[in-house]
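Here's the structure we're looking at; comments come further down.
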Amino acid sequence: QVQLVESGGGSVQAGGSLRLSCAAYGYTYSLYCMVWFRQAPGKEREGVAALGTGGGSTYYADSVKGRFTISQDNAKNTLYLQMNSLKPEDTAMYYCAAGPYSSTYCSGHWAEVDVMKYWGKGTLVSISS
């Protein structure tokens with residue numbers, strides 16, 4: 001079994017930065033595709049960024065390219081999301097998700113909510129203007 005625990009959310013002003021963390025516990029060796037999703041009030045959950053842990057490939061939603069960076073620390077079994085130049089529209093609950101998928105599959109399906117097998121409970125990010 002796998003458990004994902006997010007942390008690092010908070011409230012900052014527009015233009016500020018936050019770093020989210022996702023600690024993975026359990027059978028983490030199988031987590032080849034790790035993803036950050038977010039869900040704003042009244043909106044559908046959307047993929048923000050993904051990391052194929054095998055080859056290190058990264059993928060980003062157009063709305064966050066150039067501002068967010070996904071990375072991992074294998075020694076700590078932790079996934080990160082560095083968020084810079086934050087905007088009010090980045091306000092959302094951010095979720096960490098993962099699945100035992102190949103790099104090829106991850107590259108084509110990382111943003112699909114129904115695909116990810118494991119989910120954390122989320123951490124709230126609030127950006128004020």
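A note on labels: chains of the structure tokens are A, B, ... as shown, every chain counts residues from 1, and ligands are counted from 1 in their shown order.
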
Problem set entry | All residues 12 Å or closer to Gly16 in chain A, only C-alpha atoms, same chain fewer than 5 positions away omitted, as a ChimeraX atom specification | /A:10-11,67-68,82-88,90,125-129

For this session: Write out as JSON, numbers by chain each polymer residue whose atoms come within 12 Å of Ala23 in chain A, counting only C-alpha atoms; drop sequence neighbours fewer than 2 positions from it.
Result: {"A": [2, 3, 4, 5, 6, 7, 8, 20, 21, 25, 26, 28, 31, 34, 72, 73, 74, 75, 76, 77, 78, 79, 80, 81, 95, 96, 97, 98, 119, 120, 121, 122]}

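Secondary structure by DSSP on the backbone puts the following residues of chain A in helix (DSSP H, G or I): Thr28, Tyr29, Ser30, Asn74, Ala75, Lys76, Pro88, Glu89, Asp90, Ser103, Thr104, Tyr105, Cys106, Ser107, Gly108 and His109 of chain A.
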
Given the selection you just returned, output its residues as a file containing all heavy atoms, formatted as a short mmCIF file (atom, residue, chain, number, x, y, z; two decimals), in the first residue's frame.
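Saved the output as result-v3.cif:
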data_model
loop_
_atom_site.label_atom_id
_atom_site.label_comp_id
_atom_site.auth_asym_id
_atom_site.auth_seq_id
_atom_site.Cartn_x
_atom_site.Cartn_y
_atom_site.Cartn_z
N THR A 28 6.87 2.49 -2.26
CA THR A 28 7.17 3.64 -3.10
C THR A 28 7.97 3.27 -4.34
O THR A 28 8.06 4.06 -5.27
CB THR A 28 7.94 4.68 -2.30
OG1 THR A 28 9.14 4.09 -1.80
CG2 THR A 28 7.11 5.19 -1.13
N TYR A 29 8.55 2.07 -4.37
CA TYR A 29 9.37 1.68 -5.52
C TYR A 29 8.55 1.66 -6.82
O TYR A 29 9.08 1.74 -7.91
CB TYR A 29 9.98 0.30 -5.28
CG TYR A 29 8.99 -0.83 -5.32
CD1 TYR A 29 8.73 -1.53 -6.49
CD2 TYR A 29 8.27 -1.20 -4.18
CE1 TYR A 29 7.81 -2.54 -6.53
CE2 TYR A 29 7.36 -2.22 -4.21
CZ TYR A 29 7.13 -2.89 -5.40
OH TYR A 29 6.21 -3.90 -5.43
N SER A 30 7.24 1.54 -6.70
CA SER A 30 6.38 1.41 -7.88
C SER A 30 5.82 2.74 -8.37
O SER A 30 5.09 2.79 -9.34
CB SER A 30 5.22 0.47 -7.58
OG SER A 30 4.36 1.04 -6.62
N ASN A 74 14.93 11.42 -3.96
CA ASN A 74 14.75 9.97 -3.83
C ASN A 74 15.11 9.48 -2.42
O ASN A 74 14.46 8.57 -1.88
CB ASN A 74 15.61 9.24 -4.86
CG ASN A 74 15.06 9.40 -6.27
OD1 ASN A 74 13.85 9.53 -6.44
ND2 ASN A 74 15.94 9.41 -7.24
N ALA A 75 16.13 10.08 -1.84
CA ALA A 75 16.56 9.64 -0.51
C ALA A 75 15.48 9.86 0.54
O ALA A 75 15.37 9.12 1.52
CB ALA A 75 17.83 10.36 -0.11
N LYS A 76 14.66 10.88 0.32
CA LYS A 76 13.59 11.20 1.27
C LYS A 76 12.23 10.73 0.80
O LYS A 76 11.23 10.98 1.48
CB LYS A 76 13.56 12.72 1.51
CG LYS A 76 14.81 13.27 2.15
CD LYS A 76 14.68 14.78 2.37
CE LYS A 76 15.93 15.34 3.04
NZ LYS A 76 15.81 16.81 3.26
N PRO A 88 -3.41 35.01 -8.17
CA PRO A 88 -4.66 34.66 -7.48
C PRO A 88 -5.33 33.42 -8.09
O PRO A 88 -5.95 32.63 -7.36
CB PRO A 88 -5.51 35.92 -7.65
CG PRO A 88 -4.50 37.02 -7.73
CD PRO A 88 -3.35 36.44 -8.51
N GLU A 89 -5.21 33.24 -9.38
CA GLU A 89 -5.84 32.08 -10.03
C GLU A 89 -5.15 30.76 -9.71
O GLU A 89 -5.63 29.69 -10.10
CB GLU A 89 -5.91 32.27 -11.56
CG GLU A 89 -4.61 32.66 -12.22
CD GLU A 89 -4.51 34.16 -12.43
OE1 GLU A 89 -4.85 34.93 -11.50
OE2 GLU A 89 -4.04 34.57 -13.52
N ASP A 90 -4.03 30.81 -9.01
CA ASP A 90 -3.38 29.58 -8.52
C ASP A 90 -4.01 29.09 -7.22
O ASP A 90 -3.66 28.01 -6.74
CB ASP A 90 -1.89 29.82 -8.31
CG ASP A 90 -1.12 30.10 -9.59
OD1 ASP A 90 -1.41 29.43 -10.61
OD2 ASP A 90 -0.27 31.00 -9.58
N SER A 103 7.21 5.52 -18.29
CA SER A 103 7.44 6.89 -18.72
C SER A 103 6.58 7.25 -19.93
O SER A 103 6.05 8.36 -20.02
CB SER A 103 8.92 7.08 -19.07
OG SER A 103 9.73 6.92 -17.94
N THR A 104 6.43 6.30 -20.85
CA THR A 104 5.61 6.55 -22.04
C THR A 104 4.16 6.81 -21.66
O THR A 104 3.53 7.76 -22.14
CB THR A 104 5.71 5.38 -23.01
OG1 THR A 104 7.08 5.19 -23.39
CG2 THR A 104 4.86 5.62 -24.24
N TYR A 105 3.62 5.95 -20.81
CA TYR A 105 2.23 6.11 -20.39
C TYR A 105 2.06 7.38 -19.59
O TYR A 105 1.10 8.13 -19.76
CB TYR A 105 1.78 4.90 -19.58
CG TYR A 105 0.29 4.88 -19.34
CD1 TYR A 105 -0.57 4.33 -20.27
CD2 TYR A 105 -0.25 5.43 -18.16
CE1 TYR A 105 -1.94 4.32 -20.05
CE2 TYR A 105 -1.61 5.43 -17.95
CZ TYR A 105 -2.46 4.87 -18.90
OH TYR A 105 -3.80 4.86 -18.69
N CYS A 106 3.01 7.65 -18.72
CA CYS A 106 2.93 8.86 -17.88
C CYS A 106 2.91 10.11 -18.76
O CYS A 106 2.13 11.03 -18.52
CB CYS A 106 4.12 8.89 -16.93
SG CYS A 106 4.10 10.22 -15.70
N SER A 107 3.72 10.13 -19.79
CA SER A 107 3.81 11.32 -20.65
C SER A 107 2.50 11.63 -21.34
O SER A 107 2.18 12.78 -21.61
CB SER A 107 4.92 11.13 -21.69
OG SER A 107 4.58 10.12 -22.61
N GLY A 108 1.71 10.58 -21.63
CA GLY A 108 0.47 10.80 -22.36
C GLY A 108 -0.77 10.92 -21.50
O GLY A 108 -1.81 11.39 -21.97
N HIS A 109 -0.67 10.50 -20.23
CA HIS A 109 -1.88 10.41 -19.40
C HIS A 109 -1.76 11.06 -18.02
O HIS A 109 -2.67 10.92 -17.21
CB HIS A 109 -2.24 8.93 -19.22
CG HIS A 109 -2.51 8.22 -20.50
ND1 HIS A 109 -3.75 8.21 -21.11
CD2 HIS A 109 -1.70 7.49 -21.31
CE1 HIS A 109 -3.70 7.51 -22.22
NE2 HIS A 109 -2.46 7.06 -22.37
#

Problem set entry | Residue neighbourhood Gly56 in chain A, 10 Å, only C-alpha atoms, exclusion window fewer than 5 positions, as a list in words |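 Residues meeting the cut-off are Tyr32, Cys33, Ala50, Leu51, Ser71, Gln72 and Ser103 of chain A.
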
Prev. selection, N, CA and C atoms, output as a PDB file, in the first residue's frame:
ATOM      1  N   TYR A  32       6.206   5.267 -10.389  1.00  0.00           N
ATOM      2  CA  TYR A  32       6.992   5.755 -11.516  1.00  0.00           C
ATOM      3  C   TYR A  32       6.461   7.042 -12.120  1.00  0.00           C
ATOM      4  N   CYS A  33       5.221   7.370 -11.847  1.00  0.00           N
ATOM      5  CA  CYS A  33       4.599   8.577 -12.397  1.00  0.00           C
ATOM      6  C   CYS A  33       3.988   9.349 -11.246  1.00  0.00           C
ATOM      7  N   ALA A  50       3.945  16.974 -13.646  1.00  0.00           N
ATOM      8  CA  ALA A  50       4.200  15.549 -13.433  1.00  0.00           C
ATOM      9  C   ALA A  50       5.677  15.246 -13.607  1.00  0.00           C
ATOM     10  N   LEU A  51       6.067  14.140 -12.982  1.00  0.00           N
ATOM     11  CA  LEU A  51       7.452  13.696 -13.056  1.00  0.00           C
ATOM     12  C   LEU A  51       7.473  12.204 -13.296  1.00  0.00           C
ATOM     13  N   SER A  71      10.055  18.418  -8.750  1.00  0.00           N
ATOM     14  CA  SER A  71      11.318  17.726  -8.527  1.00  0.00           C
ATOM     15  C   SER A  71      11.119  16.661  -7.457  1.00  0.00           C
ATOM     16  N   GLN A  72      12.139  15.840  -7.245  1.00  0.00           N
ATOM     17  CA  GLN A  72      12.030  14.793  -6.249  1.00  0.00           C
ATOM     18  C   GLN A  72      13.344  14.634  -5.503  1.00  0.00           C
ATOM     19  N   SER A 103       7.214   5.516 -18.289  1.00  0.00           N
ATOM     20  CA  SER A 103       7.440   6.894 -18.723  1.00  0.00           C
ATOM     21  C   SER A 103       6.580   7.252 -19.927  1.00  0.00           C
TER      22      SER A 103
END

For this session: Name the closest residue to Tyr60 in chain A among the candidates A:Met116, A:Ala111, A:Ala24, A:Ala92; distances are taken between atoms, counting only C-alpha atoms.
Result: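 Looking at the shortest contact to Tyr60 in chain A, the residue is A:Ala111.
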